[in-house]
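Data file: data01.cif. Format and content: mmCIF, C-alpha atoms and all ligand atoms.
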data_coords
loop_
_atom_site.label_atom_id
_atom_site.label_comp_id
_atom_site.auth_asym_id
_atom_site.auth_seq_id
_atom_site.Cartn_x
_atom_site.Cartn_y
_atom_site.Cartn_z
CA MET A 1 66.68 26.99 -48.18
CA THR A 2 63.11 28.32 -47.93
CA GLU A 3 59.89 27.14 -49.58
CA LEU A 4 56.50 28.69 -50.32
CA ASN A 5 54.16 27.39 -47.60
CA LYS A 6 50.46 27.15 -48.43
CA LYS A 7 48.36 26.86 -45.31
CA ILE A 8 44.95 27.10 -43.70
CA VAL A 9 44.73 29.17 -40.52
CA LEU A 10 41.97 29.58 -37.94
CA LYS A 11 40.23 32.95 -38.34
CA SER A 12 37.56 32.60 -35.66
CA ARG A 13 36.31 29.89 -33.31
CA PRO A 14 33.16 28.08 -34.50
CA ALA A 15 30.29 27.95 -32.00
CA THR A 16 28.82 24.79 -33.56
CA ARG A 17 29.62 23.35 -37.01
CA PRO A 18 32.58 25.19 -38.57
CA ASP A 19 32.05 26.98 -41.90
CA ASP A 20 34.25 28.87 -44.40
CA SER A 21 34.15 32.07 -42.31
CA ASN A 22 36.19 30.32 -39.57
CA PHE A 23 39.22 29.67 -41.83
CA GLU A 24 41.59 31.52 -44.13
CA TYR A 25 43.98 30.35 -46.85
CA ARG A 26 47.43 32.00 -46.72
CA GLU A 27 50.77 31.68 -48.50
CA GLU A 28 54.12 32.70 -47.03
CA GLN A 29 57.79 31.81 -47.35
CA THR A 30 59.11 29.43 -44.66
CA ALA A 31 61.74 30.76 -42.22
CA GLU A 32 65.45 29.97 -42.63
CA LEU A 33 66.38 26.99 -40.46
CA THR A 34 68.13 27.42 -37.13
CA ASP A 35 69.96 24.69 -35.17
CA GLY A 36 67.85 21.68 -34.19
CA MET A 37 65.16 22.41 -36.80
CA LEU A 38 63.90 20.56 -39.90
CA LEU A 39 62.23 21.81 -43.07
CA ILE A 40 59.64 19.23 -44.08
CA LYS A 41 57.52 18.85 -47.24
CA VAL A 42 54.20 17.61 -45.90
CA ASP A 43 52.74 14.75 -47.92
CA LEU A 44 49.60 13.47 -46.13
CA LEU A 45 47.61 14.72 -43.14
CA GLY A 46 45.41 12.48 -41.02
CA ILE A 47 41.96 14.05 -40.71
CA ASP A 48 41.05 13.03 -37.16
CA ALA A 49 38.05 13.78 -34.97
CA PHE A 50 40.28 15.42 -32.34
CA ILE A 51 40.98 18.26 -34.81
CA ARG A 52 37.42 19.54 -34.27
CA THR A 53 38.02 19.86 -30.52
CA THR A 54 41.22 21.89 -31.08
CA LEU A 55 39.14 24.71 -32.59
CA ASN A 56 37.52 25.34 -29.19
CA GLU A 57 38.92 27.65 -26.52
CA GLY A 58 40.62 25.61 -23.78
CA SER A 59 40.67 22.38 -25.77
CA PHE A 60 41.98 19.20 -24.08
CA HIS A 61 44.36 18.75 -27.01
CA ARG A 62 46.73 21.67 -27.71
CA GLY A 63 44.32 24.15 -29.23
CA ALA A 64 44.60 26.02 -32.52
CA GLU A 65 45.52 29.70 -32.07
CA ILE A 66 43.59 32.40 -33.92
CA GLY A 67 45.75 33.14 -36.99
CA GLY A 68 47.65 29.86 -36.54
CA VAL A 69 47.69 26.60 -38.46
CA ILE A 70 45.34 23.84 -37.29
CA PRO A 71 46.77 20.86 -35.40
CA ALA A 72 46.90 17.67 -37.46
CA LEU A 73 49.22 14.69 -37.55
CA GLY A 74 50.99 14.08 -40.82
CA VAL A 75 53.75 12.36 -42.72
CA GLY A 76 56.29 14.02 -44.99
CA VAL A 77 59.86 14.14 -46.23
CA VAL A 78 62.75 16.16 -44.79
CA LEU A 79 64.01 18.74 -47.33
CA GLU A 80 66.70 20.24 -45.09
CA SER A 81 68.01 19.30 -41.64
CA LYS A 82 69.90 21.24 -38.98
CA ALA A 83 69.70 18.31 -36.54
CA ASP A 84 72.23 15.46 -36.35
CA SER A 85 69.58 12.74 -36.10
CA PHE A 86 67.84 13.57 -39.42
CA ALA A 87 68.97 13.98 -43.04
CA ALA A 88 67.34 15.29 -46.21
CA GLY A 89 65.21 12.51 -47.71
CA ASP A 90 64.12 10.98 -44.37
CA HIS A 91 60.43 10.09 -44.16
CA VAL A 92 58.93 11.44 -40.94
CA PHE A 93 55.72 11.48 -38.85
CA GLY A 94 54.60 14.20 -36.44
CA PRO A 95 52.30 17.17 -35.73
CA LEU A 96 52.75 18.83 -39.14
CA CYS A 97 49.45 20.81 -39.13
CA SER A 98 47.33 22.27 -41.96
CA GLN A 99 50.12 23.32 -44.36
CA THR A 100 52.29 22.14 -47.24
CA HIS A 101 55.68 22.87 -45.64
CA ALA A 102 56.57 22.78 -41.95
CA VAL A 103 59.57 24.02 -40.00
CA MET A 104 59.68 21.71 -37.00
CA PRO A 105 61.95 21.10 -34.00
CA ALA A 106 63.59 17.72 -34.70
CA PHE A 107 62.55 16.32 -31.29
CA THR A 108 58.86 16.51 -32.27
CA MET A 109 59.33 14.26 -35.32
CA LYS A 110 59.75 10.50 -35.65
CA LYS A 111 61.41 8.68 -38.57
CA ILE A 112 59.22 6.16 -40.36
CA ASP A 113 60.32 3.22 -42.47
CA THR A 114 58.38 3.23 -45.75
CA SER A 115 59.88 -0.14 -46.72
CA VAL A 116 57.89 -1.75 -43.89
CA ALA A 117 54.57 -0.04 -44.72
CA PRO A 118 53.50 2.87 -46.94
CA ALA A 119 53.68 6.29 -45.29
CA SER A 120 49.86 6.49 -45.06
CA ALA A 121 49.82 3.43 -42.75
CA TYR A 122 51.72 5.43 -40.12
CA LEU A 123 48.63 7.64 -39.85
CA GLY A 124 46.08 4.82 -40.19
CA ALA A 125 46.64 1.14 -39.45
CA LEU A 126 49.87 1.75 -37.49
CA GLY A 127 48.99 5.31 -36.49
CA LEU A 128 48.71 6.72 -32.98
CA THR A 129 45.17 8.06 -33.37
CA THR A 130 43.83 5.06 -35.32
CA GLY A 131 45.47 1.63 -35.01
CA LEU A 132 47.07 2.20 -31.61
CA THR A 133 43.96 3.83 -30.17
CA ALA A 134 41.78 0.93 -31.33
CA TYR A 135 44.29 -1.62 -30.00
CA PHE A 136 44.57 -0.19 -26.46
CA GLY A 137 40.82 0.43 -26.25
CA ILE A 138 39.95 -3.16 -27.13
CA VAL A 139 42.87 -5.09 -25.61
CA ASP A 140 43.85 -3.11 -22.49
CA VAL A 141 40.75 -1.15 -21.51
CA GLY A 142 37.96 -3.37 -22.87
CA GLN A 143 39.89 -6.58 -22.17
CA VAL A 144 37.92 -8.41 -24.85
CA LYS A 145 38.10 -12.16 -24.39
CA PRO A 146 36.89 -15.22 -26.28
CA GLY A 147 33.12 -15.50 -26.31
CA ASP A 148 32.40 -11.80 -25.70
CA THR A 149 29.69 -9.91 -27.55
CA VAL A 150 31.25 -6.60 -28.54
CA VAL A 151 29.54 -3.49 -29.88
CA VAL A 152 31.47 -0.64 -31.55
CA SER A 153 29.98 2.79 -32.39
CA GLY A 154 31.42 5.00 -35.13
CA ALA A 155 32.27 1.59 -36.56
CA ALA A 156 32.90 2.54 -40.19
CA GLY A 157 35.33 5.35 -39.29
CA ALA A 158 39.07 5.09 -38.70
CA VAL A 159 39.25 3.99 -35.06
CA GLY A 160 35.96 2.06 -35.03
CA SER A 161 36.70 0.00 -38.12
CA VAL A 162 40.01 -1.16 -36.63
CA ALA A 163 38.54 -1.67 -33.12
CA GLY A 164 35.87 -4.05 -34.40
CA GLN A 165 38.43 -6.13 -36.27
CA ILE A 166 40.74 -6.31 -33.24
CA ALA A 167 37.77 -7.47 -31.15
CA ARG A 168 37.25 -10.34 -33.63
CA LEU A 169 40.99 -11.13 -33.57
CA SER A 170 40.82 -11.18 -29.75
CA GLY A 171 38.23 -13.95 -29.87
CA ALA A 172 34.92 -12.08 -29.57
CA SER A 173 32.14 -14.41 -30.63
CA LYS A 174 30.04 -11.56 -32.01
CA VAL A 175 31.08 -8.08 -33.19
CA ILE A 176 28.31 -5.60 -33.96
CA GLY A 177 29.10 -2.24 -35.55
CA ILE A 178 26.92 0.88 -35.41
CA ALA A 179 27.32 3.40 -38.26
CA GLY A 180 25.26 5.81 -40.36
CA GLY A 181 23.74 4.50 -43.60
CA ALA A 182 22.98 1.16 -45.25
CA HIS A 183 26.14 1.49 -47.37
CA LYS A 184 28.25 1.61 -44.21
CA SER A 185 26.47 -1.45 -42.75
CA LYS A 186 27.32 -3.33 -45.93
CA PHE A 187 30.94 -2.17 -45.73
CA LEU A 188 31.22 -3.42 -42.13
CA VAL A 189 29.80 -6.87 -42.81
CA ASP A 190 31.09 -7.55 -46.34
CA GLU A 191 34.54 -5.95 -46.24
CA LEU A 192 35.52 -5.88 -42.57
CA LYS A 193 33.78 -9.13 -41.53
CA PHE A 194 31.79 -7.70 -38.63
CA ASP A 195 29.04 -10.19 -37.66
CA ALA A 196 26.31 -7.58 -37.94
CA ALA A 197 25.76 -3.86 -38.35
CA ILE A 198 23.17 -1.31 -37.25
CA ASP A 199 22.37 1.74 -39.34
CA TYR A 200 21.66 4.27 -36.58
CA LYS A 201 20.31 6.82 -39.06
CA ASN A 202 17.54 4.55 -40.36
CA GLU A 203 17.05 1.80 -37.78
CA ASN A 204 15.92 1.70 -34.15
CA VAL A 205 19.21 1.04 -32.34
CA ALA A 206 17.60 -0.32 -29.16
CA ALA A 207 15.38 -2.78 -31.03
CA ARG A 208 18.24 -3.94 -33.27
CA LEU A 209 20.52 -4.48 -30.24
CA ASP A 210 17.81 -6.66 -28.64
CA GLU A 211 17.61 -8.67 -31.83
CA LEU A 212 21.36 -9.02 -32.42
CA ALA A 213 22.54 -9.37 -28.80
CA PRO A 214 19.66 -11.11 -26.98
CA ASP A 215 22.00 -12.21 -24.13
CA GLY A 216 23.42 -8.70 -23.63
CA ILE A 217 26.64 -6.86 -24.39
CA ASN A 218 29.99 -7.64 -22.72
CA VAL A 219 32.10 -4.83 -24.21
CA PHE A 220 31.10 -1.52 -25.77
CA PHE A 221 33.79 0.51 -27.57
CA ASP A 222 32.20 3.95 -27.76
CA ASN A 223 33.29 6.68 -30.18
CA VAL A 224 30.00 8.54 -30.18
CA GLY A 225 28.25 9.04 -26.79
CA GLY A 226 24.71 10.46 -26.57
CA ASP A 227 21.68 8.26 -27.27
CA ILE A 228 23.73 5.32 -28.56
CA LEU A 229 25.63 5.08 -25.26
CA ASP A 230 22.34 5.12 -23.36
CA ASP A 231 20.85 2.38 -25.56
CA VAL A 232 23.88 0.15 -24.93
CA LEU A 233 23.92 0.82 -21.16
CA MET A 234 20.39 -0.63 -20.93
CA ARG A 235 21.75 -3.92 -22.37
CA ILE A 236 24.98 -4.52 -20.45
CA VAL A 237 25.50 -7.72 -18.43
CA GLU A 238 27.33 -8.65 -15.22
CA GLY A 239 30.93 -7.42 -15.52
CA SER A 240 30.54 -5.51 -18.81
CA ARG A 241 33.26 -3.06 -19.85
CA ILE A 242 32.26 0.25 -21.45
CA VAL A 243 35.27 1.84 -23.17
CA ILE A 244 34.98 5.60 -23.63
CA CYS A 245 37.25 6.28 -26.58
CA GLY A 246 35.41 9.42 -27.67
CA GLY A 247 32.02 11.11 -27.93
CA ILE A 248 31.82 12.69 -31.37
CA SER A 249 28.07 13.38 -31.07
CA GLN A 250 29.05 16.01 -28.47
CA TYR A 251 32.05 17.69 -30.15
CA GLU A 252 30.15 20.51 -31.82
CA ASN A 253 28.61 21.61 -28.52
CA MET A 254 31.38 21.12 -25.98
CA ASP A 255 29.97 23.74 -23.59
CA ASP A 256 26.97 21.54 -22.96
CA VAL A 257 28.10 17.91 -23.14
CA ARG A 258 25.29 15.44 -22.40
CA GLY A 259 26.19 12.67 -19.97
CA PRO A 260 24.69 9.16 -19.97
CA LYS A 261 21.18 8.94 -18.54
CA ASN A 262 21.34 5.20 -17.86
CA TYR A 263 24.57 5.10 -15.87
CA LEU A 264 22.96 3.37 -12.88
CA LYS A 265 23.02 0.16 -14.93
CA LEU A 266 26.77 0.14 -14.15
CA ALA A 267 25.96 -0.43 -10.47
CA GLU A 268 23.21 -2.97 -11.15
CA ARG A 269 25.51 -5.03 -13.38
CA ARG A 270 28.78 -4.46 -11.50
CA ALA A 271 30.05 -3.04 -14.78
CA ARG A 272 32.95 -0.72 -15.48
CA MET A 273 33.02 2.41 -17.66
CA GLU A 274 36.55 3.62 -18.33
CA GLY A 275 37.90 6.34 -20.56
CA PHE A 276 41.40 6.54 -21.98
CA ALA A 277 43.64 8.61 -24.24
CA VAL A 278 46.09 6.72 -26.41
CA PHE A 279 49.12 8.51 -24.93
CA HIS A 280 48.32 6.99 -21.52
CA PHE A 281 49.76 3.80 -23.05
CA ALA A 282 53.00 5.37 -24.35
CA GLU A 283 55.24 2.73 -22.76
CA HIS A 284 53.31 -0.02 -24.56
CA TYR A 285 53.35 1.38 -28.12
CA ALA A 286 55.86 -1.25 -29.36
CA ARG A 287 53.53 -4.11 -28.32
CA ALA A 288 50.59 -2.60 -30.21
CA GLU A 289 52.70 -1.73 -33.27
CA LYS A 290 53.96 -5.32 -33.50
CA SER A 291 50.47 -6.87 -33.30
CA LEU A 292 49.03 -4.37 -35.79
CA ALA A 293 51.90 -4.92 -38.25
CA ASP A 294 51.53 -8.72 -37.97
CA TRP A 295 47.76 -8.57 -38.59
CA LEU A 296 48.28 -6.22 -41.55
CA ARG A 297 50.89 -8.50 -43.09
CA SER A 298 48.72 -11.60 -42.66
CA GLY A 299 45.73 -9.80 -44.18
CA GLU A 300 43.65 -10.34 -40.99
CA LEU A 301 43.35 -6.57 -40.54
CA VAL A 302 41.95 -4.46 -43.36
CA VAL A 303 42.15 -0.66 -43.27
CA ARG A 304 40.30 1.27 -45.94
CA GLU A 305 41.85 4.70 -46.68
CA GLN A 306 40.02 7.59 -48.30
CA ILE A 307 42.41 10.22 -49.66
CA GLU A 308 41.14 13.73 -50.46
CA GLN A 309 43.27 16.34 -52.25
CA GLY A 310 44.59 19.87 -51.59
CA VAL A 311 45.49 21.81 -48.44
CA GLU A 312 42.93 24.49 -49.39
CA ASN A 313 40.25 21.81 -48.85
CA PHE A 314 41.29 21.16 -45.23
CA PRO A 315 38.11 22.75 -43.72
CA ALA A 316 35.80 20.93 -46.14
CA VAL A 317 37.51 17.60 -45.50
CA MET A 318 37.21 18.15 -41.75
CA ASN A 319 33.47 18.63 -42.21
CA LEU A 320 33.39 15.48 -44.30
CA LEU A 321 34.76 13.61 -41.27
CA MET A 322 32.22 15.13 -38.88
CA THR A 323 29.34 14.28 -41.19
CA GLY A 324 30.51 10.74 -41.91
CA GLY A 325 31.27 11.28 -45.60
CA HIS A 326 34.09 8.73 -45.59
CA TYR A 327 34.99 5.10 -45.03
CA GLY A 328 37.85 4.06 -42.74
CA LYS A 329 40.81 6.43 -42.44
CA LEU A 330 40.32 9.89 -43.92
CA LEU A 331 43.52 11.47 -45.26
CA LEU A 332 44.34 14.69 -47.07
CA LYS A 333 47.12 14.82 -49.64
CA VAL A 334 48.36 18.40 -49.38
N1 LIG B 1 40.85 8.20 -26.77
C1 LIG B 1 41.77 8.48 -27.70
O1 LIG B 1 42.99 8.54 -27.44
C2 LIG B 1 41.32 8.74 -29.10
C3 LIG B 1 42.25 8.82 -30.15
C4 LIG B 1 41.77 8.99 -31.46
C5 LIG B 1 40.39 9.12 -31.68
N2 LIG B 1 39.54 9.07 -30.62
C6 LIG B 1 38.09 9.16 -30.82
O2 LIG B 1 37.70 8.15 -31.74
C7 LIG B 1 36.50 8.57 -32.39
C8 LIG B 1 36.66 8.36 -33.90
O3 LIG B 1 37.62 9.27 -34.39
P1 LIG B 1 38.23 9.15 -35.85
O4 LIG B 1 39.27 10.19 -35.96
O5 LIG B 1 38.57 7.73 -36.11
O6 LIG B 1 37.03 9.58 -36.78
P2 LIG B 1 36.15 8.70 -37.74
O7 LIG B 1 35.49 7.63 -36.93
O8 LIG B 1 36.91 8.30 -38.94
O9 LIG B 1 35.05 9.75 -38.21
C9 LIG B 1 34.09 10.18 -37.32
C10 LIG B 1 32.77 9.41 -37.52
O10 LIG B 1 31.87 9.74 -36.50
C11 LIG B 1 30.55 9.52 -36.96
N3 LIG B 1 29.68 10.55 -36.37
C12 LIG B 1 29.79 11.88 -36.50
N4 LIG B 1 28.79 12.51 -35.80
C13 LIG B 1 28.06 11.52 -35.26
C14 LIG B 1 26.90 11.51 -34.42
N5 LIG B 1 26.31 12.65 -34.03
N6 LIG B 1 26.40 10.31 -34.04
C15 LIG B 1 26.98 9.15 -34.42
N7 LIG B 1 28.09 9.10 -35.21
C16 LIG B 1 28.62 10.27 -35.60
C17 LIG B 1 30.58 9.59 -38.48
O11 LIG B 1 30.20 8.31 -38.98
P3 LIG B 1 28.70 7.92 -39.40
O12 LIG B 1 28.64 8.04 -40.89
O13 LIG B 1 28.62 6.51 -38.93
O14 LIG B 1 27.78 8.87 -38.71
C18 LIG B 1 32.06 9.80 -38.79
O15 LIG B 1 32.49 8.98 -39.84
C19 LIG B 1 36.26 10.01 -31.98
O16 LIG B 1 35.33 10.05 -30.94
C20 LIG B 1 37.62 10.45 -31.48
O17 LIG B 1 37.57 11.50 -30.57
C21 LIG B 1 39.98 8.89 -29.36
#
Mind turning this structure into structure tokens?
Ligand SMILES: NC(=O)c1ccc[n+]([C@@H]2O[C@H](COP(=O)([O-])OP(=O)(O)OC[C@H]3O[C@@H](n4cnc5c(N)ncnc54)[C@H](OP(=O)(O)O)[C@@H]3O)[C@@H](O)[C@H]2O)c1
Amino acid sequence: MTELNKKIVLKSRPATRPDDSNFEYREEQTAELTDGMLLIKVDLLGIDAFIRTTLNEGSFHRGAEIGGVIPALGVGVVLESKADSFAAGDHVFGPLCSQTHAVMPAFTMKKIDTSVAPASAYLGALGLTTGLTAYFGIVDVGQVKPGDTVVVSGAAGAVGSVAGQIARLSGASKVIGIAGGAHKSKFLVDELKFDAAIDYKNENVAARLDELAPDGINVFFDNVGGDILDDVLMRIVEGSRIVICGGISQYENMDDVRGPKNYLKLAERRARMEGFAVFHFAEHYARAEKSLADWLRSGELVVREQIEQGVENFPAVMNLLMTGGHYGKLLLKV
């Protein structure tokens, strides 16, 4: 069996913000399956910040090749299987990339149970790059404990929105989110039950942190880097934990990443700054999945999904992510 695959490929590497000239839409028939391979109809792709870094030469994540599809995690359904462990009709998760049909080695795919949660949740709430990342950043790296004041940047996005809620569920006495726009502040406080929010596009972050966290900040879960990281560093206390989850303010200029100016505060406050990648916690995934599933079921964890349409819109939806044009988990239905 073969299928017509509609896909977006990388035409050239963007120097800063990607535009239409960097991508090309193509259609081609999928290859006949060989042993150990699966033909998968892609349903949803997770539009994640890491995708932007894969467009750069020498990316930390496996980079996109010129003329190749763009890395993205997705969920889909097996149409044909030449592997014993999978059958047509299985729902699967894996690195399906910017296309409607994928021919994948079976060992790269994982079965998902859509009777436990909808397929989209395996990219968002229960997903590697969203729920699990937020969980390990808050619980294992940040070690949030009762009474902590926790600040999260990129707070209205996928990882940040879950991280702030896990901080509350871990006993933090105050959770402050930083995001762009008054509408996002309202979303954080009204829908996700953050204690307070700072609109970094229209408010003075330093002054608002002084107002909202007069006794200082115990844990900072950082998705953004740049000026926001420096503002928080000036307000850490004895034993603070700074969790470097990401630094999206730097992703469109990776040849000249700006480090924190106020890092000496770490020494003054005997504080710790620690980065992590979710796959460093691979042996603990089951623990995180269980907690996330329990919180989802009990309604204590809320994950807003925004679903855009059409594989041909992959580049535009990626730009939507980079410019903050979404709430919670951004997905693309191909
Ligand atoms: N360590 C890991 O293993 C791991 C795994 C997954 C993700 N991550 C990191 O987690 C972070 C969030 O990723 P995500 O996929 O969940 O994306 P996301 O938060 O859903 O979307 C990115 C958000 O970043 C904000 N943003 C963009 N440019 C900004 C800037 N210059 N200053 C401040 N905010 C900016 C935008 O929100 P506003 O509207 O608020 O500007 C946008 O909504 C990224 O840094 C990513 O690299 C790390």
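You can rank A:Ser120, A:Ser115, A:Asn218, A:Asn262 by their closest distance to Val303 of chain A using all atoms listed in the file, and at the top of that list sits A:Ser120.
The closest residue to Ala156 of chain A, picked from A:Leu321, A:Val9, A:Val103, A:Val205 and counting all atoms listed in the file, is A:Leu321.
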Note to self: Please find the residues contacting ligand LIG 1 (chain B) at a distance of at most 6 Å between atoms, with all atoms listed in the file counted, and report them as a PyMOL selection string.
What the structure shows: chain A and resi 48-50+129-130+133+154+156-160+179-180+223-224+245-249+276-278+321-324+326+328-329
Can you list every residue of segment 114-199 of chain A that has an atom at most 10 Å from segment 67-73 of chain A, with its nearest atom pair and the distance in Å to one decimal, using only C-alpha atoms, ordered by chain then number, as a tab-separated table?
residue	atom	partner	partner_atom	distance
A:Tyr122	CA	A:Leu73	CA	9.9
A:Leu123	CA	A:Leu73	CA	7.4
A:Gly127	CA	A:Leu73	CA	9.4
A:Leu128	CA	A:Leu73	CA	9.2
A:Thr129	CA	A:Leu73	CA	8.8
Next item on the list: Could you check which of A:Arg241, A:Arg258, A:Arg168, A:Arg26 is closest to Val311 of chain A, using only C-alpha atoms?
Entry: A:Arg26
Checklist line | Ile242 of chain A environment, 6 Å, all atoms listed in the file, sequence neighbours closer than 5 positions dropped, as number ranges by chain | finding: A: 219-220, 273
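Residues in contact with Pro18 of chain A at up to 12 Å, not including ones fewer than 4 positions away on its chain and judged by all atoms listed in the file, are Leu10, Lys11, Ser12, Arg13, Pro14, Asn22, Phe23, Ile51, Arg52, Thr53, Thr54, Leu55, Asn56, Tyr251, Glu252, Asn253, Phe314, Pro315, Ala316, Val317, Met318, Asn319, Leu320, Met322 and Thr323 of chain A.
For the set A:Gly131, A:Gly310, A:Gly137, A:Gly239, the residue with the smallest atom-to-atom gap to Lys290 of chain A is A:Gly131, counting only C-alpha atoms.
In this comparison, which uses all atoms listed in the file, the residue of A:Ala15, A:Glu289, A:His91, A:Glu308 approaching Glu57 of chain A most closely is A:Ala15.
Take the candidates A:Glu300, A:Ile112, A:Ala282, A:Asp84 and check each one against Gly164 of chain A using only C-alpha atoms; the shortest distance goes to A:Glu300.
Across the model, the gap from atom CA of Tyr25 of chain A to atom CA of Lys41 of chain A is 17.8 Å.
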Check: Distance atom CA of Gly226 of chain A-atom CA of Gly171 of chain A, one decimal place?
Finding: 28.1 Å
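Within 9 Å of the point (54.0, 28.2, -46.2), and counting all atoms listed in the file, the protein, DNA and RNA residues are Glu3, Leu4, Asn5, Lys6, Lys7, Arg26, Glu27, Glu28, Gln29, Thr30, Gln99, Thr100, His101 and Ala102 of chain A.
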Note to self: With all atoms listed in the file as the counted atoms, please give the residues lying no more than 10 Å from Glu203 of chain A, apart from itself and same-chain residues fewer than 5 positions off, as a ChimeraX atom specification.
What the structure shows: /A:180-182,198,208
Notebook entry, point to check: Excluding same-chain residues fewer than 6 positions from Glu211 of chain A, what lies within 12 Å of it counting all atoms listed in the file, as a PyMOL selection string?
Noted result: chain A and resi 176+196-198+204-205+217+235
Next item on the list: Skip segment 78-82 of chain A itself and residues of its chain fewer than 2 positions away, then list as number ranges by chain all residues within 7 Å of it, counting only C-alpha atoms.
Entry: A: 33-41, 76, 84, 86-91
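Atom CA of Leu264 of chain A is positioned 11.1 Å from atom CA of Ile236 of chain A.
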